[in-house]
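Below is one structure, written out as structure tokens, with a few remarks after it.
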Amino acid sequence: MSRVRELAGGGRAVEVAPGRVAGWFERFAASHGGATSTLLAPRTVLVIATDGATATVQVPFGPLPAPHGEHPGLAVSSLVEHVLVSRRIGLVLVRLGAHSIGVAVDGVVQTSTTDRHLVHGRNKAGGWSQQRFARRREGQSARSLASAADAVAKALLPVAAELDALVLGGDRQALQALREDNRLTKLFDRAEQRVLDVPEPRRAILDEAAKRAVAVEIEVRDPQ
């Protein structure tokens with residue numbers, strides 16, 4: 001079953017497995033009276049339906065190979081071929097207090113490491129007690145992020161040259177903290193723009209993220 005999320009300003013984003021992309025676009029066109037045109041660009045594919053509905057893809061693992069330009073009707077074969085290419089992907093899932101790192105091939109995890117660290121929640125008490133609690137929590141947070149950074153460096157840096165892409169997931173602030181680690185900056189510069197929304201990272205969550213990492217996210221907006 002495809003994962004769907006609502007978009008700000010209306011519309012929805014649908015995650016579609018690579019092998020189902022062609023069929024999804026055919027059904028989209030059929031349900032909207034046909035497709036009038038397809039715009040192929042290095043980073044974006046836009047399909048416009050007869051009734052004005054649109055389906056947009058920010059090309060994953062781009063750029064989309066040439067030729068580019070506008071084509072009549074439904075013309076997504078180059079996108080389908082692009083997303084079906086076999087890829088080895090590094091995965092970094094981080095939330096404060098937990099991380100799961102791995103390497104996946106075609107949506108299947110090959111190697112992984114997962115760990116958790118105690119980070120207390122926010123304290124609502126005031127005064128000195130609150131200050132001591134805040135300092136303790138800050139220390140726990142720093143140790144959690146340092147452990148995550150070490151895990152990424154150990155698991156992914158030795159195989160970085162073999163990776164076709166890097167996909168991130170979890171808390172953006174935690175991920176930004178890892179990006180600022182000098183060891184990881186160049187690796188994180190290769191990360192895909194889409195950040196997966198995931199709960200506390202565990203091995204089962206990593207397995208799910210591996211499948212989502214190769215899925216195509218299609219933004220659908222209905223006619224006004």
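Labeling convention for the structure tokens: chains A, B, ... as they appear, residues from 1 per chain, ligands from 1 in order of appearance.
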
All strand (DSSP E) residues (DSSP, backbone) inside segment 23-100 of chain A, as a PyMOL selection string: chain A and resi 35-40+44-49+54-58+69-72+88-95+98-100

Those same residues, written as a short mmCIF file (atom, residue, chain, number, x, y, z; two decimals), in the first residue's frame with N, CA, C and O atoms?
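Saved file again_30.cif follows:
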data_model
loop_
_atom_site.label_atom_id
_atom_site.label_comp_id
_atom_site.auth_asym_id
_atom_site.auth_seq_id
_atom_site.Cartn_x
_atom_site.Cartn_y
_atom_site.Cartn_z
N ALA A 35 -3.70 12.38 -20.34
CA ALA A 35 -2.61 13.32 -20.08
C ALA A 35 -2.40 14.19 -21.31
O ALA A 35 -2.33 13.68 -22.44
N THR A 36 -2.33 15.49 -21.11
CA THR A 36 -2.12 16.40 -22.24
C THR A 36 -0.64 16.56 -22.56
O THR A 36 -0.27 16.69 -23.72
N SER A 37 0.22 16.59 -21.53
CA SER A 37 1.64 16.80 -21.78
C SER A 37 2.48 16.31 -20.61
O SER A 37 2.00 16.20 -19.47
N THR A 38 3.76 16.05 -20.91
CA THR A 38 4.74 15.67 -19.90
C THR A 38 5.97 16.54 -20.10
O THR A 38 6.52 16.60 -21.21
N LEU A 39 6.40 17.21 -19.03
CA LEU A 39 7.60 18.02 -19.07
C LEU A 39 8.72 17.29 -18.36
O LEU A 39 8.63 17.00 -17.16
N LEU A 40 9.78 16.99 -19.10
CA LEU A 40 10.94 16.29 -18.54
C LEU A 40 12.08 17.28 -18.38
O LEU A 40 12.53 17.89 -19.36
N THR A 44 13.14 17.53 -12.48
CA THR A 44 11.68 17.50 -12.28
C THR A 44 10.97 16.85 -13.46
O THR A 44 11.35 17.07 -14.61
N VAL A 45 9.95 16.08 -13.16
CA VAL A 45 9.03 15.56 -14.18
C VAL A 45 7.63 16.02 -13.80
O VAL A 45 7.18 15.83 -12.66
N LEU A 46 6.94 16.63 -14.77
CA LEU A 46 5.60 17.16 -14.54
C LEU A 46 4.65 16.59 -15.59
O LEU A 46 4.88 16.75 -16.79
N VAL A 47 3.60 15.93 -15.13
CA VAL A 47 2.55 15.42 -16.01
C VAL A 47 1.29 16.23 -15.77
O VAL A 47 0.83 16.37 -14.63
N ILE A 48 0.73 16.79 -16.85
CA ILE A 48 -0.49 17.60 -16.76
C ILE A 48 -1.63 16.82 -17.40
O ILE A 48 -1.53 16.38 -18.55
N ALA A 49 -2.70 16.63 -16.63
CA ALA A 49 -3.85 15.87 -17.11
C ALA A 49 -4.84 16.78 -17.85
O ALA A 49 -4.79 18.00 -17.73
N THR A 54 -2.33 17.73 -11.83
CA THR A 54 -0.90 17.59 -12.11
C THR A 54 -0.28 16.54 -11.20
O THR A 54 -0.73 16.32 -10.07
N ALA A 55 0.76 15.88 -11.72
CA ALA A 55 1.56 14.94 -10.94
C ALA A 55 3.02 15.32 -11.16
O ALA A 55 3.51 15.34 -12.29
N THR A 56 3.70 15.67 -10.06
CA THR A 56 5.06 16.18 -10.14
C THR A 56 6.02 15.28 -9.36
O THR A 56 5.72 14.87 -8.24
N VAL A 57 7.17 15.01 -9.96
CA VAL A 57 8.22 14.23 -9.31
C VAL A 57 9.49 15.05 -9.25
O VAL A 57 9.96 15.56 -10.27
N GLN A 58 10.04 15.21 -8.04
CA GLN A 58 11.39 15.72 -7.91
C GLN A 58 12.30 14.51 -8.11
O GLN A 58 12.34 13.62 -7.26
N GLY A 69 12.66 18.13 -22.10
CA GLY A 69 11.74 18.96 -22.88
C GLY A 69 10.29 18.54 -22.69
O GLY A 69 9.98 17.63 -21.91
N GLU A 70 9.41 19.19 -23.42
CA GLU A 70 7.98 18.91 -23.30
C GLU A 70 7.53 17.92 -24.37
O GLU A 70 7.93 18.03 -25.54
N HIS A 71 6.72 16.96 -23.95
CA HIS A 71 6.25 15.91 -24.86
C HIS A 71 4.72 15.82 -24.77
O HIS A 71 4.16 16.00 -23.69
N PRO A 72 4.06 15.53 -25.86
CA PRO A 72 2.60 15.38 -25.80
C PRO A 72 2.22 14.09 -25.09
O PRO A 72 2.94 13.08 -25.15
N ARG A 88 23.12 1.15 -4.66
CA ARG A 88 23.58 0.88 -3.29
C ARG A 88 23.47 2.21 -2.52
O ARG A 88 24.11 3.19 -2.89
N ILE A 89 22.66 2.22 -1.48
CA ILE A 89 22.32 3.46 -0.80
C ILE A 89 22.72 3.41 0.67
O ILE A 89 22.43 2.43 1.37
N GLY A 90 23.37 4.47 1.13
CA GLY A 90 23.63 4.62 2.56
C GLY A 90 22.42 5.23 3.23
O GLY A 90 21.76 6.12 2.67
N LEU A 91 22.08 4.74 4.41
CA LEU A 91 20.92 5.22 5.16
C LEU A 91 21.37 5.73 6.52
O LEU A 91 22.11 5.05 7.23
N VAL A 92 20.92 6.93 6.88
CA VAL A 92 21.21 7.51 8.19
C VAL A 92 19.90 7.97 8.80
O VAL A 92 19.30 8.95 8.34
N LEU A 93 19.45 7.26 9.82
CA LEU A 93 18.23 7.64 10.54
C LEU A 93 18.62 8.06 11.95
O LEU A 93 19.24 7.28 12.69
N VAL A 94 18.27 9.27 12.32
CA VAL A 94 18.68 9.80 13.62
C VAL A 94 17.54 10.59 14.25
O VAL A 94 16.93 11.45 13.60
N ARG A 95 17.25 10.27 15.49
CA ARG A 95 16.44 11.11 16.35
C ARG A 95 17.18 11.18 17.67
O ARG A 95 17.98 10.30 17.98
N ALA A 98 18.47 8.00 19.65
CA ALA A 98 18.52 6.75 18.90
C ALA A 98 19.01 7.00 17.48
O ALA A 98 18.79 8.07 16.91
N HIS A 99 19.69 6.00 16.93
CA HIS A 99 20.11 6.09 15.53
C HIS A 99 20.14 4.68 14.93
O HIS A 99 20.28 3.69 15.64
N SER A 100 19.98 4.63 13.62
CA SER A 100 20.09 3.39 12.88
C SER A 100 20.75 3.72 11.54
O SER A 100 20.25 4.56 10.79
#

Contacts of Leu7 of chain A at 10 Å (only C-alpha atoms; same-chain gap of 5+ positions) as a PyMOL selection string: chain A and resi 12-13+219-221

Segment 194-209 of chain A environment, 9 Å, only C-alpha atoms, sequence neighbours closer than 6 positions dropped, as number ranges by chain: A: 60, 91-102, 104, 107-109, 112-116, 167-172

Produce a file of the selected residues containing N, CA and C atoms, as a short mmCIF file (atom, residue, chain, number, x, y, z; two decimals), in the first residue's frame.
data_model
loop_
_atom_site.label_atom_id
_atom_site.label_comp_id
_atom_site.auth_asym_id
_atom_site.auth_seq_id
_atom_site.Cartn_x
_atom_site.Cartn_y
_atom_site.Cartn_z
N PRO A 60 14.47 11.57 -8.07
CA PRO A 60 15.42 11.04 -7.09
C PRO A 60 16.69 10.56 -7.78
N LEU A 91 22.08 4.74 4.41
CA LEU A 91 20.92 5.22 5.16
C LEU A 91 21.37 5.73 6.52
N VAL A 92 20.92 6.93 6.88
CA VAL A 92 21.21 7.51 8.19
C VAL A 92 19.90 7.97 8.80
N LEU A 93 19.45 7.26 9.82
CA LEU A 93 18.23 7.64 10.54
C LEU A 93 18.62 8.06 11.95
N VAL A 94 18.27 9.27 12.32
CA VAL A 94 18.68 9.80 13.62
C VAL A 94 17.54 10.59 14.25
N ARG A 95 17.25 10.27 15.49
CA ARG A 95 16.44 11.11 16.35
C ARG A 95 17.18 11.18 17.67
N LEU A 96 16.94 12.23 18.44
CA LEU A 96 17.66 12.40 19.69
C LEU A 96 17.43 11.19 20.58
N GLY A 97 18.50 10.47 20.88
CA GLY A 97 18.41 9.30 21.72
C GLY A 97 18.48 7.98 20.98
N ALA A 98 18.47 8.00 19.65
CA ALA A 98 18.52 6.75 18.90
C ALA A 98 19.01 7.00 17.48
N HIS A 99 19.69 6.00 16.93
CA HIS A 99 20.11 6.09 15.53
C HIS A 99 20.14 4.68 14.93
N SER A 100 19.98 4.63 13.62
CA SER A 100 20.09 3.39 12.88
C SER A 100 20.75 3.72 11.54
N ILE A 101 21.86 3.07 11.29
CA ILE A 101 22.68 3.36 10.11
C ILE A 101 22.80 2.08 9.29
N GLY A 102 22.75 2.19 7.97
CA GLY A 102 22.89 0.98 7.18
C GLY A 102 23.23 1.23 5.73
N ALA A 104 21.89 -0.30 2.00
CA ALA A 104 20.84 -1.10 1.37
C ALA A 104 21.07 -1.17 -0.13
N GLY A 107 16.59 -1.50 -1.97
CA GLY A 107 15.58 -1.49 -0.94
C GLY A 107 15.72 -2.56 0.13
N VAL A 108 16.82 -3.32 0.10
CA VAL A 108 17.04 -4.38 1.10
C VAL A 108 18.32 -4.07 1.87
N VAL A 109 18.21 -4.02 3.20
CA VAL A 109 19.36 -3.69 4.04
C VAL A 109 20.38 -4.82 4.00
N SER A 112 24.01 -3.09 8.90
CA SER A 112 23.35 -2.08 9.73
C SER A 112 23.95 -2.03 11.12
N THR A 113 23.72 -0.91 11.79
CA THR A 113 24.04 -0.75 13.20
C THR A 113 22.99 0.17 13.81
N THR A 114 22.48 -0.22 14.97
CA THR A 114 21.42 0.53 15.64
C THR A 114 21.75 0.64 17.11
N ASP A 115 21.46 1.81 17.71
CA ASP A 115 21.75 1.99 19.13
C ASP A 115 20.80 3.03 19.71
N ARG A 116 20.63 2.98 21.03
CA ARG A 116 19.79 3.93 21.75
C ARG A 116 20.58 4.53 22.90
N VAL A 167 20.63 8.60 1.83
CA VAL A 167 19.28 9.03 2.19
C VAL A 167 19.21 9.19 3.71
N LEU A 168 18.68 10.33 4.13
CA LEU A 168 18.58 10.66 5.54
C LEU A 168 17.15 10.54 6.03
N GLY A 169 17.00 10.35 7.34
CA GLY A 169 15.67 10.30 7.92
C GLY A 169 15.72 10.67 9.39
N GLY A 170 14.60 11.18 9.90
CA GLY A 170 14.52 11.49 11.32
C GLY A 170 14.40 12.97 11.59
N ASP A 171 15.06 13.40 12.66
CA ASP A 171 14.97 14.78 13.13
C ASP A 171 15.99 15.65 12.39
N ARG A 172 15.51 16.73 11.79
CA ARG A 172 16.38 17.57 10.96
C ARG A 172 17.47 18.26 11.78
#

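Here the question is which of A:Ala30, A:Leu178, A:Ala66, A:Ala75 gets nearest to Pro42 of chain A using only C-alpha atoms, and that residue is A:Ala66.
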
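Distance check against His32 of chain A using only C-alpha atoms: of A:Asp51, A:Glu6, A:Glu217, A:Glu15, the minimum falls on A:Asp51.
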
Atomic separation - atom CA of Thr50 of chain A relative to atom CA of Pro67 of chain A, Å: 23.9 Å

Distance of atom CA of Val105 of chain A from atom CA of Val21 of chain A, expressed in Å to one decimal place: 18.8 Å

Selected residue, from A:Val216, A:Leu84, A:Ala149, A:Ala155, that lies nearest to Leu184 of chain A when counting only C-alpha atoms: A:Ala149

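Rounded to one decimal, atom CA of Ser77 of chain A and atom CA of Ala22 of chain A lie 7.5 Å from each other.
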
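The residue that comes closest to Val159 of chain A, out of A:His68, A:Arg3, A:Trp24, A:Val103 and on the basis of only C-alpha atoms, is A:Val103.
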
Those in segment 26-166 of chain A with helix (DSSP H, G or I) from DSSP, as number ranges by chain: A: 26-31, 77-83, 127-162
